[in-house]
Structure formats: structure tokens, C-alpha cells
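Below: the structure, in C-alpha cells.
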Amino acid sequence: MNQLIITIICVLVNIAASAQASKGIYRIPYANGTQVRIWQDHITHAGDEPEIDMAGVGNGPFRIVAAEDGEIKFIQDSFSATTNGNPCNNNYVWIAHPNGEWTKYSHFTQNSVTGNAGLSVGDQVCAGTFLGFEDDVGCANGEHLHFEVGIPFDLNDPITAGGFIKGNEFIPIICNIAGNVFVQGTTDTAGPCGSCLSTLNNTNGTFNNQQYDIDIASVQVSAGGHVVFNAGSTGAYRAGRRVVLTSGFHAKRGSSFYAMIKDCNSSPGNPNCGANSKVLAIDNQ
Ligand SMILES: [Zn+2]
């Protein structure tokens, strides 16, 4: 088991109005090896929330999987039709993760969650657990997966009757893709996050509105001699054990920054999920 060491939790000045990045780090929620095309990203998706639409490339059926260890909180997979709103009648799954964030998966094939995947509310799932099949049930324009990350305001009343969260939503941070944020029009290959990565990216730079600096390291991350977050920017450093910010790090007024520990080798979640199960999280927001 890793011992968590926190050396600094840093600077917060005037939280940016735009959506924040998720604190969890999630896998692409498709079966390993699936090519996944991003239809709409957190900026282009309809509505004000940082939600994602994506779809398997090639011949389906495509298997949707859990993006991280967690507990199934809600399942709706009784519908069969594509609808046009009022109501949407979406099929969906909500999973609560040990880091406090919830993930949502929408438009499953009828009965594929309770039937094919054999899941029930209250089940503990691991990152990569099969949830059901991609489809176009509900308010969908073609077969795809709608994915989002949020935190309910009230755990006793977390979603609407239609399955929409009553809470804040966050830009999903995804392992093993460029920049760790989904970008419309790109195609990525689904796979596990694995253990904490040793790669350290972007130790130097100036970050402006809507840009993120995401690092994952097994031992230590050091912000380099020149890291500036300008007003409107949001940034994060995440590490397996320790985050060290050296002189030269500067989060300007109006920016939002957090440092957090991602424990890669011990899990307050489901021990059945193996050595790579995770969760975290400590930050100052
Ligand atoms: Zn969507």
C-alpha cells in the first residue's frame, strides 16, 4: 500500500466561471481495443454542461464499460425507442466513485444492462466492467454513448426522474489520450488506465483559458521553473504520492489550480478491482 504524502496544496483565487476538470481520472468507457470517435466534446456538446458524445468505429455491437471502480446507483434500461424529447426516455446508468464523483452512460440497448451485463443497483463494478451495449435509445441522433461526470448536490436526491443529475458537472479527465481531455473529431483506442504513469508532461508553460496541465506520476511531480496559470485558466497536478511545486510556479488572480494525490496502489474502493484500483482525492477547491 502506498503511503500518501502531501507536500503542498496550493493557491486558489477566484474560481473560474467555466467548467472545472474532473478530479477523477477515467478510462475511455468502451471495451479494450475499441476505436472510439469523439462526436461532441465538453465544449461542443449541446447545452451548457461539459458532456461528451462518442461512438465506436467499425462494426458493433459496441460494449460500454465502467470508466472507473464504483457502485451502480441507478439503472434505466427498459426503453427501446429513439425519442425526440419531452421526455427523452433515455436508457442510462449512473455509477458513484469513491472519489465522490459520479459518471453517467446513456442510450444503452434495451435490457442490455440488467440482462446482458447482469447488473443491479448496488453492484460494485471495476474500471472496465461491462455495462451494456451502445445504442440510440432516448434522445439520440445515431448510436453513441453519452458520457458525463458530476457530483450531486444532495446524495438523497441526486437525479431527476429522467436521469439528469442535480449537481455540478466536470470536464472528464481521461487517461491515455492526448491532453487527457476528449476533443471532437479525434479517435482514440479504449484501454485500461493501468497504474500510475511515470510520464511527466508540460513542466514549463503558460496556461490560458480552458487549458489544462495534467500530470500523473508514480512518485513525484515537480512544477518546473516556469509555470504560469493566467486568469481564467484551470490546472491540475496529480501524482501517485507527492506533488512538489517549485519556485516559478504562479497561479494568477482569476485562475484555479489544484494539486492532488492519486493513490495508485491502494483502494478505498472495491478490493476486487485489483492492484490498479484507485482513488484519491485531495484538493483545495
Ligand atoms: Zn450527449
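Residue numbers start at 1 in each chain; chains themselves are named A, B, ... in the order of the C-alpha cells; ligands are numbered from 1 in the order shown.
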
Within 6 Å of ligand 1 (only C-alpha atoms and all ligand atoms), residues as an mmCIF file with N, CA and C atoms, in the first residue's frame:
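Generated output (pocket.cif):
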data_model
loop_
_atom_site.group_PDB
_atom_site.id
_atom_site.type_symbol
_atom_site.label_atom_id
_atom_site.label_comp_id
_atom_site.auth_asym_id
_atom_site.auth_seq_id
_atom_site.Cartn_x
_atom_site.Cartn_y
_atom_site.Cartn_z
ATOM 1 N N ILE A 52 -20.039 14.660 -23.034
ATOM 2 C CA ILE A 52 -19.333 14.078 -24.179
ATOM 3 C C ILE A 52 -20.255 13.109 -24.913
ATOM 4 N N ASP A 53 -20.226 13.151 -26.250
ATOM 5 C CA ASP A 53 -20.830 12.109 -27.077
ATOM 6 C C ASP A 53 -19.720 11.424 -27.858
ATOM 7 N N HIS A 146 -23.429 8.691 -24.583
ATOM 8 C CA HIS A 146 -23.339 9.991 -23.912
ATOM 9 C C HIS A 146 -22.679 9.744 -22.561
#

Original post:
Which residues come within 10 Å of range 40-47 of chain A, counting only C-alpha atoms, excluding same-chain residues fewer than 6 positions away, as a list in words?
Top reply: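 Near range 40-47 of chain A, the qualifying residues are Ala19, Asp53, Met54, His146, Phe147, Glu148, Phe170, Ile171, Pro172, Val181, Phe182, Val183, Gln184, Gly185, Thr186 and Gln210 of chain A.
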
Original post:
Of the residues A:Asn180, A:Ser80, A:Thr187, A:Thr160, which is the one nearest to Ala55 in chain A, using only C-alpha atoms?
Top reply: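 Ranked by minimum distance to Ala55 in chain A, first place goes to A:Thr187.
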
**OP:** Between CA of Gly142 in chain A and CA of Ser120 in chain A, measure the distance and give it in Å to one decimal.
**Re:**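 Going from CA of Gly142 in chain A over to CA of Ser120 in chain A, I get 26.5 Å.
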
**OP:** DSSP on the backbone, then: every residue of range 82-132 of chain A marked helix (DSSP H, G or I), written as a PyMOL selection string.
**Re:** chain A and resi 112-116

Could you write out the selected residues, including N, CA and C atoms, as a PDB file, in the first residue's frame?
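Generated output (again06.pdb):
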ATOM      1  N   SER A 112     -29.922  -4.380 -21.915  1.00  0.00           N
ATOM      2  CA  SER A 112     -28.535  -4.859 -22.008  1.00  0.00           C
ATOM      3  C   SER A 112     -27.765  -4.655 -20.708  1.00  0.00           C
ATOM      4  N   VAL A 113     -28.233  -3.752 -19.857  1.00  0.00           N
ATOM      5  CA  VAL A 113     -27.557  -3.527 -18.574  1.00  0.00           C
ATOM      6  C   VAL A 113     -27.979  -4.602 -17.576  1.00  0.00           C
ATOM      7  N   THR A 114     -29.270  -4.764 -17.424  1.00  0.00           N
ATOM      8  CA  THR A 114     -29.775  -5.757 -16.470  1.00  0.00           C
ATOM      9  C   THR A 114     -29.707  -7.175 -17.033  1.00  0.00           C
ATOM     10  N   GLY A 115     -29.819  -7.288 -18.349  1.00  0.00           N
ATOM     11  CA  GLY A 115     -29.826  -8.603 -18.980  1.00  0.00           C
ATOM     12  C   GLY A 115     -28.443  -9.067 -19.387  1.00  0.00           C
ATOM     13  N   ASN A 116     -27.900  -8.500 -20.446  1.00  0.00           N
ATOM     14  CA  ASN A 116     -26.594  -8.947 -20.961  1.00  0.00           C
ATOM     15  C   ASN A 116     -25.489  -8.780 -19.931  1.00  0.00           C
TER      16      ASN A 116
END
